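For reference, entry01.cif (mmCIF, C-alpha atoms):
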data_start
loop_
_atom_site.label_atom_id
_atom_site.label_comp_id
_atom_site.auth_asym_id
_atom_site.auth_seq_id
_atom_site.Cartn_x
_atom_site.Cartn_y
_atom_site.Cartn_z
CA MET A 26 123.46 64.05 177.47
CA VAL A 27 125.50 62.40 180.20
CA LEU A 28 128.89 63.86 180.96
CA GLU A 29 130.76 60.92 179.46
CA ASP A 30 129.04 61.35 176.10
CA PHE A 31 129.76 65.07 176.22
CA ALA A 32 133.43 64.27 176.80
CA LEU A 33 133.53 62.02 173.76
CA ARG A 34 131.82 64.68 171.71
CA ILE A 35 134.65 67.11 172.43
CA GLY A 36 137.16 64.44 171.52
CA HIS A 37 138.56 63.24 174.82
CA ARG A 38 138.06 60.32 177.17
CA PHE A 39 138.99 61.58 180.63
CA ASN A 40 141.21 59.59 182.94
CA ASP A 41 139.94 61.83 185.70
CA PRO A 42 136.31 62.79 184.95
CA GLU A 43 136.34 65.03 188.01
CA LEU A 44 138.48 67.47 186.02
CA LEU A 45 135.78 67.81 183.39
CA ARG A 46 133.10 68.26 186.00
CA ARG A 47 135.09 71.06 187.58
CA ALA A 48 135.71 72.70 184.20
CA LEU A 49 131.95 72.91 183.77
CA THR A 50 131.32 74.41 187.22
CA HIS A 51 130.83 78.18 187.33
CA ARG A 52 132.02 80.14 190.36
CA SER A 53 128.40 80.91 191.26
CA HIS A 54 128.05 77.21 192.11
CA GLY A 55 130.74 77.09 194.78
CA ALA A 56 134.41 77.14 195.67
CA ALA A 57 135.36 74.12 193.55
CA ASN A 58 134.83 76.00 190.30
CA ASN A 59 136.49 76.36 186.92
CA GLU A 60 138.31 79.67 187.30
CA ARG A 61 141.83 78.29 187.68
CA LEU A 62 141.23 75.84 184.85
CA GLU A 63 140.10 78.75 182.71
CA PHE A 64 143.38 80.59 183.42
CA LEU A 65 145.29 77.53 182.26
CA GLY A 66 142.99 76.72 179.34
CA ASP A 67 143.12 80.25 177.96
CA SER A 68 146.86 79.90 177.39
CA VAL A 69 146.48 76.39 175.96
CA VAL A 70 143.84 77.49 173.46
CA ASN A 71 146.02 80.39 172.36
CA CYS A 72 149.04 78.16 172.00
CA ALA A 73 147.20 75.39 170.14
CA VAL A 74 145.65 77.89 167.71
CA ALA A 75 149.02 79.63 167.25
CA LEU A 76 150.58 76.31 166.27
CA GLU A 77 147.74 75.45 163.91
CA LEU A 78 147.93 78.83 162.16
CA TYR A 79 151.74 78.79 162.06
CA ARG A 80 151.64 75.48 160.20
CA ARG A 81 148.73 76.25 157.92
CA PHE A 82 149.89 79.66 156.75
CA PRO A 83 153.64 79.59 156.16
CA GLN A 84 153.41 82.77 154.09
CA LEU A 85 151.79 84.98 156.73
CA THR A 86 153.68 87.46 158.88
CA GLU A 87 153.61 87.52 162.66
CA GLY A 88 151.13 90.43 162.59
CA GLU A 89 148.81 88.61 160.22
CA LEU A 90 148.95 85.46 162.34
CA SER A 91 148.14 87.48 165.46
CA ARG A 92 145.15 89.05 163.80
CA LEU A 93 143.91 85.69 162.54
CA ARG A 94 144.16 84.26 166.01
CA ALA A 95 142.38 87.24 167.54
CA ASN A 96 139.55 86.58 165.09
CA LEU A 97 139.32 82.95 166.19
CA VAL A 98 139.91 83.24 169.92
CA ASN A 99 137.60 85.81 171.46
CA GLN A 100 134.52 85.76 173.63
CA PRO A 101 131.87 85.76 170.86
CA SER A 102 133.59 83.04 168.85
CA LEU A 103 134.21 80.81 171.88
CA ALA A 104 130.65 81.35 173.06
CA ALA A 105 129.43 80.26 169.63
CA VAL A 106 131.54 77.11 169.92
CA ALA A 107 130.00 76.45 173.33
CA GLN A 108 126.51 76.85 171.85
CA ARG A 109 127.24 74.45 169.02
CA PHE A 110 128.50 71.79 171.44
CA ALA A 111 125.72 72.48 173.97
CA PHE A 112 128.05 73.39 176.82
CA GLY A 113 125.15 75.21 178.46
CA ASP A 114 123.36 71.93 179.19
CA GLN A 115 126.38 70.63 181.09
CA LEU A 116 127.13 73.68 183.23
CA SER A 117 126.75 73.70 186.99
CA LEU A 118 125.62 77.18 188.02
CA GLY A 119 124.44 78.78 191.23
CA GLU A 120 120.68 79.25 191.59
CA GLY A 121 120.80 82.95 190.79
CA GLU A 122 122.71 82.32 187.57
CA VAL A 123 120.32 79.56 186.55
CA ARG A 124 117.38 81.92 186.99
CA SER A 125 119.01 84.79 185.10
CA GLY A 126 119.96 82.60 182.14
CA GLY A 127 123.65 82.20 182.95
CA ALA A 128 123.84 79.04 180.87
CA GLN A 129 123.41 81.21 177.77
CA ARG A 130 125.65 84.11 178.84
CA PRO A 131 128.54 84.53 176.37
CA SER A 132 131.16 85.18 179.07
CA ILE A 133 130.23 82.06 181.05
CA LEU A 134 130.10 79.93 177.89
CA ALA A 135 133.41 81.19 176.51
CA ASP A 136 135.13 80.70 179.88
CA SER A 137 133.83 77.14 180.08
CA VAL A 138 135.34 76.30 176.68
CA GLU A 139 138.73 77.48 177.91
CA ALA A 140 138.32 75.63 181.21
CA VAL A 141 137.45 72.38 179.43
CA VAL A 142 140.56 72.65 177.25
CA GLY A 143 142.55 73.28 180.44
CA ALA A 144 141.03 70.14 181.93
CA VAL A 145 142.00 68.02 178.91
CA PHE A 146 145.51 69.48 179.12
CA LEU A 147 145.88 68.47 182.77
CA ASP A 148 144.28 65.11 182.14
CA ALA A 149 146.34 64.00 179.17
CA GLY A 150 148.84 66.65 178.06
CA PHE A 151 149.33 69.21 175.34
CA ASP A 152 148.68 67.00 172.30
CA ALA A 153 145.36 65.81 173.71
CA ALA A 154 144.40 69.43 174.37
CA CYS A 155 145.32 70.31 170.77
CA ARG A 156 143.04 67.55 169.52
CA THR A 157 140.15 68.96 171.55
CA VAL A 158 140.89 72.47 170.27
CA ARG A 159 140.73 71.12 166.73
CA VAL A 160 137.40 69.42 167.47
CA LEU A 161 135.99 72.61 168.98
CA LEU A 162 137.54 75.25 166.72
CA GLY A 163 138.35 73.21 163.62
CA GLU A 164 135.40 74.47 161.63
CA ALA A 165 136.25 78.09 162.43
CA ILE A 166 139.89 77.50 161.56
CA ASP A 167 139.00 75.72 158.31
CA THR A 168 136.82 78.56 157.11
CA ILE A 169 139.04 81.46 158.10
CA ASP A 170 140.10 83.56 155.14
CA PRO A 171 143.60 84.97 155.56
CA ARG A 172 143.02 87.37 152.67
CA THR A 173 140.61 89.40 154.73
CA SER A 174 140.81 88.39 158.36
CA GLY A 175 144.59 88.45 158.52
CA LYS A 176 144.76 91.97 157.17
CA ASP A 177 144.29 95.21 158.93
CA PRO A 178 141.23 97.22 157.91
CA LYS A 179 143.17 99.92 156.00
CA THR A 180 144.82 97.30 153.82
CA SER A 181 141.56 95.41 153.26
CA LEU A 182 139.78 98.63 152.35
CA GLN A 183 142.52 99.75 149.97
CA GLU A 184 142.57 96.41 148.16
CA HIS A 185 138.81 96.35 147.93
CA LEU A 186 138.76 99.83 146.37
CA GLN A 187 141.62 99.09 143.99
CA ALA A 188 139.80 95.98 142.76
CA ARG A 189 136.77 98.18 142.03
CA LYS A 190 138.98 100.93 140.50
CA ILE A 191 137.74 103.45 143.02
CA ALA A 192 139.98 106.29 144.23
CA LEU A 193 141.69 105.52 147.54
CA PRO A 194 140.28 106.85 150.80
CA GLN A 195 141.48 110.07 152.38
CA TYR A 196 142.28 110.08 156.08
CA ALA A 197 142.45 113.21 158.22
CA VAL A 198 142.80 113.83 161.93
CA VAL A 199 139.77 115.88 162.87
CA SER A 200 140.50 116.27 166.58
CA THR A 201 142.71 115.21 169.44
CA ARG A 202 141.94 115.49 173.14
CA GLY A 203 143.41 114.40 176.46
CA GLU A 204 146.88 114.79 177.91
CA ALA A 205 150.05 113.69 176.16
CA HIS A 206 150.18 110.15 177.57
CA GLU A 207 146.50 109.39 177.11
CA GLN A 208 145.46 111.24 174.00
CA VAL A 209 142.41 110.29 171.99
CA PHE A 210 142.61 110.83 168.25
CA GLN A 211 139.60 111.21 165.97
CA VAL A 212 140.28 110.38 162.35
CA GLU A 213 137.92 110.72 159.42
CA CYS A 214 137.98 108.36 156.46
CA VAL A 215 136.39 109.71 153.29
CA ILE A 216 135.67 107.87 150.02
CA PRO A 217 134.04 110.54 147.85
CA GLN A 218 133.02 108.21 145.00
CA LEU A 219 130.99 106.05 147.38
CA GLY A 220 129.69 108.90 149.51
CA ILE A 221 131.28 107.26 152.55
CA ARG A 222 132.49 109.29 155.54
CA THR A 223 133.34 107.50 158.80
CA LEU A 224 134.91 108.54 162.07
CA GLY A 225 137.32 106.39 164.09
CA GLU A 226 138.70 106.97 167.57
CA GLY A 227 141.86 105.55 169.09
CA SER A 228 144.79 106.16 171.39
CA SER A 229 147.02 106.79 168.39
CA ARG A 230 146.47 108.24 164.97
CA ARG A 231 147.10 104.82 163.53
CA THR A 232 144.49 102.96 165.58
CA ALA A 233 141.96 105.73 164.90
CA GLU A 234 142.63 105.38 161.16
CA GLN A 235 142.18 101.63 161.36
CA GLU A 236 138.87 102.01 163.16
CA ALA A 237 137.64 104.53 160.57
CA ALA A 238 138.81 102.19 157.80
CA ARG A 239 137.03 99.24 159.41
CA GLN A 240 133.72 101.10 159.37
CA ALA A 241 134.28 102.30 155.81
CA TYR A 242 135.15 98.77 154.68
CA GLU A 243 131.86 97.47 156.07
CA LEU A 244 129.92 100.22 154.32
CA ALA A 245 131.79 99.69 151.05
CA ASN A 246 130.95 96.00 151.15
CA ARG A 247 127.25 96.79 151.45
CA ASP A 248 127.27 98.75 148.20
CA MET B 3 180.30 80.56 172.22
CA VAL B 4 179.33 78.41 169.25
CA LEU B 5 175.65 77.95 168.56
CA GLU B 6 175.64 74.31 169.64
CA ASP B 7 176.99 75.19 173.09
CA PHE B 8 174.43 77.95 173.37
CA ALA B 9 171.69 75.42 172.57
CA LEU B 10 172.89 73.12 175.35
CA ARG B 11 173.01 76.04 177.74
CA ILE B 12 169.32 76.67 177.19
CA GLY B 13 168.61 73.01 177.73
CA HIS B 14 167.95 71.63 174.27
CA ARG B 15 169.83 69.71 171.61
CA PHE B 16 168.27 70.69 168.30
CA ASN B 17 167.35 68.10 165.71
CA ASP B 18 167.15 70.99 163.28
CA PRO B 19 169.77 73.60 164.25
CA GLU B 20 168.49 75.83 161.45
CA LEU B 21 165.44 76.55 163.64
CA LEU B 22 167.65 77.93 166.38
CA ARG B 23 169.60 80.03 163.92
CA ARG B 24 166.40 81.53 162.60
CA ALA B 25 165.11 82.19 166.12
CA LEU B 26 168.21 84.30 166.70
CA THR B 27 167.87 86.31 163.48
CA HIS B 28 166.31 89.75 163.81
CA ARG B 29 164.17 91.13 161.00
CA SER B 30 166.84 93.76 160.30
CA HIS B 31 169.05 90.93 159.06
CA GLY B 32 166.74 89.72 156.31
CA ALA B 33 163.58 87.93 155.29
CA ALA B 34 164.41 84.64 157.03
CA ASN B 35 163.96 86.14 160.48
CA ASN B 36 162.46 85.18 163.84
CA GLU B 37 159.17 87.07 163.75
CA ARG B 38 156.88 84.11 163.11
CA LEU B 39 158.76 82.02 165.67
CA GLU B 40 158.28 84.83 168.16
CA PHE B 41 154.51 84.75 167.55
CA LEU B 42 154.52 81.04 168.28
CA GLY B 43 156.98 81.20 171.17
CA ASP B 44 155.09 83.96 172.94
CA SER B 45 152.10 81.65 173.35
CA VAL B 46 154.30 78.71 174.37
CA VAL B 47 156.06 80.73 177.08
CA ASN B 48 152.71 81.93 178.42
CA CYS B 49 151.31 78.41 178.43
CA ALA B 50 154.38 76.82 180.03
CA VAL B 51 154.48 79.45 182.77
CA ALA B 52 150.73 79.11 183.32
CA LEU B 53 151.15 75.38 183.87
CA GLU B 54 154.09 75.87 186.21
CA LEU B 55 152.23 78.44 188.32
CA TYR B 56 149.01 76.40 188.29
CA ARG B 57 150.87 73.45 189.78
CA ARG B 58 153.02 75.38 192.23
CA PHE B 59 150.31 77.54 193.72
CA PRO B 60 147.15 75.48 194.20
CA GLN B 61 145.78 78.07 196.61
CA LEU B 62 145.92 81.06 194.28
CA THR B 63 142.97 82.42 192.35
CA GLU B 64 142.85 82.90 188.62
CA GLY B 65 143.47 86.66 189.06
CA GLU B 66 146.50 86.09 191.28
CA LEU B 67 147.93 83.56 188.84
CA SER B 68 147.46 86.05 185.98
CA ARG B 69 149.30 88.76 187.87
CA LEU B 70 152.12 86.41 188.81
CA ARG B 71 152.53 85.44 185.20
CA ALA B 72 152.46 89.06 184.04
CA ASN B 73 155.33 89.70 186.46
CA LEU B 74 157.33 86.83 185.01
CA VAL B 75 156.55 87.22 181.33
CA ASN B 76 157.11 90.78 180.20
CA GLN B 77 159.66 92.64 178.15
CA PRO B 78 162.02 93.69 180.99
CA SER B 79 162.05 90.25 182.60
CA LEU B 80 162.56 88.39 179.33
CA ALA B 81 165.27 90.87 178.33
CA ALA B 82 166.98 90.18 181.66
CA VAL B 83 166.84 86.45 180.95
CA ALA B 84 168.38 87.09 177.54
CA GLN B 85 171.18 89.10 179.16
CA ARG B 86 171.91 86.34 181.66
CA PHE B 87 172.13 83.72 178.91
CA ALA B 88 174.04 86.05 176.58
CA PHE B 89 171.51 85.93 173.78
CA GLY B 90 172.97 89.19 172.47
CA ASP B 91 176.19 87.44 171.43
CA GLN B 92 174.24 84.99 169.29
CA LEU B 93 171.93 87.41 167.49
CA SER B 94 172.13 88.08 163.77
CA LEU B 95 171.26 91.71 163.19
CA GLY B 96 171.32 94.06 160.24
CA GLU B 97 174.25 96.46 160.06
CA GLY B 98 172.21 99.42 161.25
CA GLU B 99 171.02 97.53 164.33
CA VAL B 100 174.54 96.34 165.10
CA ARG B 101 175.81 99.93 165.02
CA SER B 102 172.97 101.27 167.18
CA GLY B 103 173.41 98.59 169.84
CA GLY B 104 170.46 96.40 168.85
CA ALA B 105 172.01 93.39 170.57
CA GLN B 106 171.33 95.10 173.90
CA ARG B 107 167.90 96.49 173.09
CA PRO B 108 165.28 95.05 175.48
CA SER B 109 162.62 94.54 172.79
CA ILE B 110 165.00 92.62 170.51
CA LEU B 111 166.31 90.52 173.40
CA ALA B 112 162.89 89.68 174.81
CA ASP B 113 161.58 88.75 171.35
CA SER B 114 164.53 86.46 170.78
CA VAL B 115 163.80 84.56 174.01
CA GLU B 116 160.24 83.93 172.82
CA ALA B 117 161.45 82.95 169.35
CA VAL B 118 163.96 80.47 170.78
CA VAL B 119 161.25 78.82 172.86
CA GLY B 120 159.11 78.67 169.72
CA ALA B 121 162.00 76.98 167.92
CA VAL B 122 162.39 74.34 170.63
CA PHE B 123 158.63 73.76 170.50
CA LEU B 124 158.72 73.12 166.73
CA ASP B 125 161.87 71.06 167.04
CA ALA B 126 160.78 68.70 169.80
CA GLY B 127 157.31 69.49 171.10
CA PHE B 128 155.65 71.08 174.08
CA ASP B 129 157.44 69.20 176.86
CA ALA B 130 160.84 70.11 175.44
CA ALA B 131 159.74 73.76 175.23
CA CYS B 132 158.63 73.59 178.87
CA ARG B 133 162.06 72.32 179.86
CA THR B 134 163.71 75.24 178.10
CA VAL B 135 161.29 77.67 179.74
CA ARG B 136 162.25 76.21 183.12
CA VAL B 137 165.94 76.60 182.29
CA LEU B 138 165.43 80.20 181.20
CA LEU B 139 162.82 81.36 183.71
CA GLY B 140 163.30 78.83 186.51
CA GLU B 141 165.22 81.19 188.73
CA ALA B 142 162.60 83.90 188.33
CA ILE B 143 159.81 81.39 189.00
CA ASP B 144 161.62 79.94 192.04
CA THR B 145 162.07 83.33 193.64
CA ILE B 146 158.64 84.73 192.90
CA ASP B 147 156.77 85.70 196.02
CA PRO B 148 153.01 85.44 195.57
CA ARG B 149 152.46 87.82 198.48
CA THR B 150 154.12 90.71 196.69
CA SER B 151 154.46 89.83 193.04
CA GLY B 152 150.77 89.58 192.53
CA LYS B 153 150.93 93.34 192.85
CA ASP B 154 152.35 95.83 190.44
CA PRO B 155 155.67 97.42 191.45
CA LYS B 156 154.23 100.86 192.28
CA THR B 157 151.74 99.30 194.68
CA SER B 158 154.36 97.06 196.28
CA LEU B 159 156.73 100.00 196.70
CA GLN B 160 154.04 102.20 198.20
CA GLU B 161 152.98 99.56 200.71
CA HIS B 162 156.58 98.86 201.64
CA LEU B 163 157.24 102.56 202.30
CA GLN B 164 153.99 103.06 204.22
CA ALA B 165 154.87 100.12 206.47
CA ARG B 166 158.20 101.82 207.21
CA LYS B 167 156.55 105.24 207.58
CA ILE B 168 158.64 106.71 204.79
CA ALA B 169 157.31 109.47 202.52
CA LEU B 170 155.93 108.17 199.23
CA PRO B 171 158.03 108.25 196.06
CA GLN B 172 157.89 111.06 193.54
CA TYR B 173 157.64 110.19 189.86
CA ALA B 174 158.57 112.54 187.04
CA VAL B 175 158.92 112.16 183.29
CA VAL B 176 162.49 113.22 182.53
CA SER B 177 162.44 112.66 178.77
CA THR B 178 160.52 111.31 175.84
CA ARG B 179 161.93 110.39 172.47
CA GLY B 180 160.80 108.74 169.26
CA GLU B 181 157.85 109.44 167.04
CA ALA B 182 154.29 109.54 168.27
CA HIS B 183 153.46 105.89 167.67
CA GLU B 184 156.67 104.50 169.12
CA GLN B 185 157.63 106.91 171.88
CA VAL B 186 159.96 105.94 174.68
CA PHE B 187 159.31 107.55 178.05
CA GLN B 188 161.93 107.92 180.76
CA VAL B 189 160.54 108.31 184.24
CA GLU B 190 162.47 109.00 187.41
CA CYS B 191 161.41 107.62 190.78
CA VAL B 192 162.82 109.48 193.79
CA ILE B 193 162.61 108.51 197.47
CA PRO B 194 164.53 111.31 199.22
CA GLN B 195 164.58 109.71 202.69
CA LEU B 196 166.32 106.61 201.33
CA GLY B 197 168.54 108.45 198.85
CA ILE B 198 167.03 106.36 196.06
CA ARG B 199 166.77 107.63 192.51
CA THR B 200 165.97 105.22 189.69
CA LEU B 201 165.17 105.59 186.01
CA GLY B 202 162.63 103.48 184.15
CA GLU B 203 161.95 103.31 180.43
CA GLY B 204 158.83 102.19 178.68
CA SER B 205 156.53 102.73 175.76
CA SER B 206 154.09 104.61 177.98
CA ARG B 207 154.44 106.82 181.00
CA ARG B 208 152.75 104.13 183.07
CA THR B 209 155.10 101.31 182.11
CA ALA B 210 158.11 103.59 182.62
CA GLU B 211 156.85 104.44 186.12
CA GLN B 212 156.36 100.78 186.93
CA GLU B 213 159.87 99.96 185.78
CA ALA B 214 161.33 102.80 187.87
CA ALA B 215 159.25 101.63 190.84
CA ARG B 216 160.46 98.07 190.38
CA GLN B 217 164.09 99.16 190.60
CA ALA B 218 163.38 101.40 193.59
CA TYR B 219 161.55 98.56 195.35
CA GLU B 220 164.59 96.32 194.92
CA LEU B 221 166.88 98.99 196.34
CA ALA B 222 164.53 99.76 199.21
CA ASN B 223 164.50 96.09 200.16
CA ARG B 224 168.30 96.05 200.36
CA ASP B 225 168.31 98.76 202.99
#
Have the structure of the file written as structure tokens, please.
Amino acid sequence: MVLEDFALRIGHRFNDPELLRRALTHRSHGAANNERLEFLGDSVVNCAVALELYRRFPQLTEGELSRLRANLVNQPSLAAVAQRFAFGDQLSLGEGEVRSGGAQRPSILADSVEAVVGAVFLDAGFDAACRTVRVLLGEAIDTIDPRTSGKDPKTSLQEHLQARKIALPQYAVVSTRGEAHEQVFQVECVIPQLGIRTLGEGSSRRTAEQEAARQAYELANRD
Amino acid sequence: MVLEDFALRIGHRFNDPELLRRALTHRSHGAANNERLEFLGDSVVNCAVALELYRRFPQLTEGELSRLRANLVNQPSLAAVAQRFAFGDQLSLGEGEVRSGGAQRPSILADSVEAVVGAVFLDAGFDAACRTVRVLLGEAIDTIDPRTSGKDPKTSLQEHLQARKIALPQYAVVSTRGEAHEQVFQVECVIPQLGIRTLGEGSSRRTAEQEAARQAYELANRD
């Protein structure tokens, strides 16, 4: 696919096609690469998705919106977007990266998505960048389920168990280690009726509980 | 100051003044509060500052731009902006927060700056929000020095003292308060040779040290 067709596929006709070319140039290829555009694009993607979620889900709290966005904007999800739109075919990489399969590496792919959004932003402004974000992430945004992905794991687990009339999980701190300002907590989550026992670690009791709950929720959903 | 004058001071005439009122309403005041606007505004501030830095510093790398932005957009700096523009006088707080001095609390002030930018964004779009960000943060952006502010305060302070052949600062935790998951650390930074003693607060020992170092660095530069 020529670059111009690729541009149309992501929903933007560039006034300055050089911007797009740079957005698709990895640092291994040379000094005129996409790293600064990625810095810019990262913030544009986050802002565009924040706006989209803010408007779509007027009932969700700030914390729920943050979690939804974190589920949409992360390296695996952006790399998947890049795969779907065949970013890899358009990337300029250094020889070493070409040989080692850089065009399929999730970090390179995800960064290029952000850089391309940054390029659209510079080329035509925020609204144009939002349109491209909707083209790229629209499917992911359309299929996101705020009932599960906006909730923290403990809440999801609790609701899942209540719906199945199963007794709620028990959490217990099984160990702590490290000095006061960098403690690591280990918390166990037990659901006797399902024979589930998981162990979460975190820098606070709360994050350790959430991690244990996340694992237990996955197991409970396999039942 | 009436709300309309406050709006003009931050560089925006609201089509929907209700948005501004909500942006200045803390959750302690009721359900119609600024938390969702803060979620949105946080991303707008980051994006607007990213764009500003991208344009101003064409020679800086992505990592340097990220550090510059982290120095501009953080709780202490946003709280300082809120102080300068007297956000505290405009805040609607619950009675408990009013009594305990919530209108001066850095977290509440910083959040309200983000929420107000989010309100401008919804009211009039991205460019209007950028104008307000420039009004609020312009002075900080104008005076940022990419040679030093790319570094964290402890590093800057250390290098400054080494260059002057002065003994390095001593840091000590002088108090902690609050429950485990929302502790506040107070750290003292002492430079005996310069007679400097500062006190930083933060949600971790590290952030408290950095805040104490930041103050000490300012004082050391006045010598």
Legend entry - Spatial neighbours of B:Leu95, 8 Å, all atoms listed in the file, chain gap at least 5 places, as a PyMOL selection string: chain B and resi 27-31+100+104-105
Legend entry - Expected selection from the PyMOL selection byres ((chain A) within 7 of (chain B)), given as a ChimeraX atom specification: /A:60-61,64-65,68-69,71-72,75-76,86-87,151,206,229
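Neighbouring residues of A:Phe39 at 12 Å or closer, counting only C-alpha atoms and skipping chain neighbours under 2 positions away, are Leu28, Glu29, Asp30, Phe31, Ala32, Leu33, Arg34, Ile35, Gly36, His37, Asp41, Pro42, Glu43, Leu44, Leu45, Arg46, Val141, Val142, Ala144, Val145, Phe146, Leu147, Asp148, Ala149, Gly150, Ala153, Ala154 and Thr157 of chain A.
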Legend entry - Target residues per the PyMOL selection byres ((chain B and resi 139) around 12), formatted as a PyMOL selection string: chain B and resi 12-13+47-48+50-51+54-55+71+73-76+79-84+86-87+115-116+119+131-138+140-146
Taking C-alpha atoms for each residue, export the selection above as a short mmCIF file (atom, residue, chain, number, x, y, z; two decimals), keeping the file's coordinate frame.
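Final file, again04.cif:
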data_model
loop_
_atom_site.label_atom_id
_atom_site.label_comp_id
_atom_site.auth_asym_id
_atom_site.auth_seq_id
_atom_site.Cartn_x
_atom_site.Cartn_y
_atom_site.Cartn_z
CA ILE B 12 169.32 76.67 177.19
CA GLY B 13 168.61 73.01 177.73
CA VAL B 47 156.06 80.73 177.08
CA ASN B 48 152.71 81.93 178.42
CA ALA B 50 154.38 76.82 180.03
CA VAL B 51 154.48 79.45 182.77
CA GLU B 54 154.09 75.87 186.21
CA LEU B 55 152.23 78.44 188.32
CA ARG B 71 152.53 85.44 185.20
CA ASN B 73 155.33 89.70 186.46
CA LEU B 74 157.33 86.83 185.01
CA VAL B 75 156.55 87.22 181.33
CA ASN B 76 157.11 90.78 180.20
CA SER B 79 162.05 90.25 182.60
CA LEU B 80 162.56 88.39 179.33
CA ALA B 81 165.27 90.87 178.33
CA ALA B 82 166.98 90.18 181.66
CA VAL B 83 166.84 86.45 180.95
CA ALA B 84 168.38 87.09 177.54
CA ARG B 86 171.91 86.34 181.66
CA PHE B 87 172.13 83.72 178.91
CA VAL B 115 163.80 84.56 174.01
CA GLU B 116 160.24 83.93 172.82
CA VAL B 119 161.25 78.82 172.86
CA ALA B 131 159.74 73.76 175.23
CA CYS B 132 158.63 73.59 178.87
CA ARG B 133 162.06 72.32 179.86
CA THR B 134 163.71 75.24 178.10
CA VAL B 135 161.29 77.67 179.74
CA ARG B 136 162.25 76.21 183.12
CA VAL B 137 165.94 76.60 182.29
CA LEU B 138 165.43 80.20 181.20
CA GLY B 140 163.30 78.83 186.51
CA GLU B 141 165.22 81.19 188.73
CA ALA B 142 162.60 83.90 188.33
CA ILE B 143 159.81 81.39 189.00
CA ASP B 144 161.62 79.94 192.04
CA THR B 145 162.07 83.33 193.64
CA ILE B 146 158.64 84.73 192.90
#
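Relative to atom CA of A:Lys190, atom CA of A:Gln218 is found at 10.4 Å.
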Inset, instruction - Identify, on the basis of all atoms listed in the file, every residue whose closest approach to B:Glu190 does not exceed 9 Å; exclude the query and any residue fewer than 2 positions from it along the same chain; express the result as a ChimeraX atom specification. - result: /B:172-176,188,192,199-202,210-211,214-215
Writing out the chosen residues with C-alpha atoms as a short mmCIF file (atom, residue, chain, number, x, y, z; two decimals), in the frame of the given file:
data_model
loop_
_atom_site.label_atom_id
_atom_site.label_comp_id
_atom_site.auth_asym_id
_atom_site.auth_seq_id
_atom_site.Cartn_x
_atom_site.Cartn_y
_atom_site.Cartn_z
CA GLN B 172 157.89 111.06 193.54
CA TYR B 173 157.64 110.19 189.86
CA ALA B 174 158.57 112.54 187.04
CA VAL B 175 158.92 112.16 183.29
CA VAL B 176 162.49 113.22 182.53
CA GLN B 188 161.93 107.92 180.76
CA VAL B 192 162.82 109.48 193.79
CA ARG B 199 166.77 107.63 192.51
CA THR B 200 165.97 105.22 189.69
CA LEU B 201 165.17 105.59 186.01
CA GLY B 202 162.63 103.48 184.15
CA ALA B 210 158.11 103.59 182.62
CA GLU B 211 156.85 104.44 186.12
CA ALA B 214 161.33 102.80 187.87
CA ALA B 215 159.25 101.63 190.84
#
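Each of B:Asp113, B:Glu99, B:Asp147, B:Asp91 was checked against B:Arg69 using only C-alpha atoms; the smallest atom-to-atom distance is that of B:Asp147.
Atom CA of B:Leu70 to atom CA of B:Gly204 spans 19.9 Å [interatomic distance, one decimal].
Proximity ranking of A:Glu184, A:Ala111, A:Asp177, A:Ala56 relative to A:Ala95 places A:Asp177 first, based on all atoms listed in the file.
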Incomplete stretch 239-247 of chain A filled out to N, CA and C atoms as a PDB file, in the frame of the given file:
ATOM      1  N   ARG A 239     137.856 100.423 159.172  1.00  0.00           N
ATOM      2  CA  ARG A 239     137.030  99.240 159.410  1.00  0.00           C
ATOM      3  C   ARG A 239     135.556  99.546 159.113  1.00  0.00           C
ATOM      4  N   GLN A 240     135.110 100.710 159.615  1.00  0.00           N
ATOM      5  CA  GLN A 240     133.720 101.100 159.370  1.00  0.00           C
ATOM      6  C   GLN A 240     133.477 101.327 157.873  1.00  0.00           C
ATOM      7  N   ALA A 241     134.441 102.002 157.234  1.00  0.00           N
ATOM      8  CA  ALA A 241     134.280 102.300 155.810  1.00  0.00           C
ATOM      9  C   ALA A 241     134.261 101.015 154.985  1.00  0.00           C
ATOM     10  N   TYR A 242     135.090 100.051 155.404  1.00  0.00           N
ATOM     11  CA  TYR A 242     135.150  98.770 154.680  1.00  0.00           C
ATOM     12  C   TYR A 242     133.802  98.063 154.742  1.00  0.00           C
ATOM     13  N   GLU A 243     133.190  98.090 155.927  1.00  0.00           N
ATOM     14  CA  GLU A 243     131.860  97.470 156.070  1.00  0.00           C
ATOM     15  C   GLU A 243     130.842  98.139 155.159  1.00  0.00           C
ATOM     16  N   LEU A 244     130.872  99.485 155.161  1.00  0.00           N
ATOM     17  CA  LEU A 244     129.920 100.220 154.320  1.00  0.00           C
ATOM     18  C   LEU A 244     130.173  99.929 152.844  1.00  0.00           C
ATOM     19  N   ALA A 245     131.461  99.917 152.455  1.00  0.00           N
ATOM     20  CA  ALA A 245     131.790  99.690 151.050  1.00  0.00           C
ATOM     21  C   ALA A 245     131.335  98.311 150.595  1.00  0.00           C
ATOM     22  N   ASN A 246     131.368  97.344 151.505  1.00  0.00           N
ATOM     23  CA  ASN A 246     130.950  96.000 151.150  1.00  0.00           C
ATOM     24  C   ASN A 246     129.437  95.846 151.038  1.00  0.00           C
ATOM     25  N   ARG A 247     128.708  96.840 151.562  1.00  0.00           N
ATOM     26  CA  ARG A 247     127.250  96.790 151.450  1.00  0.00           C
ATOM     27  C   ARG A 247     126.775  97.356 150.124  1.00  0.00           C
TER      28      ARG A 247
END
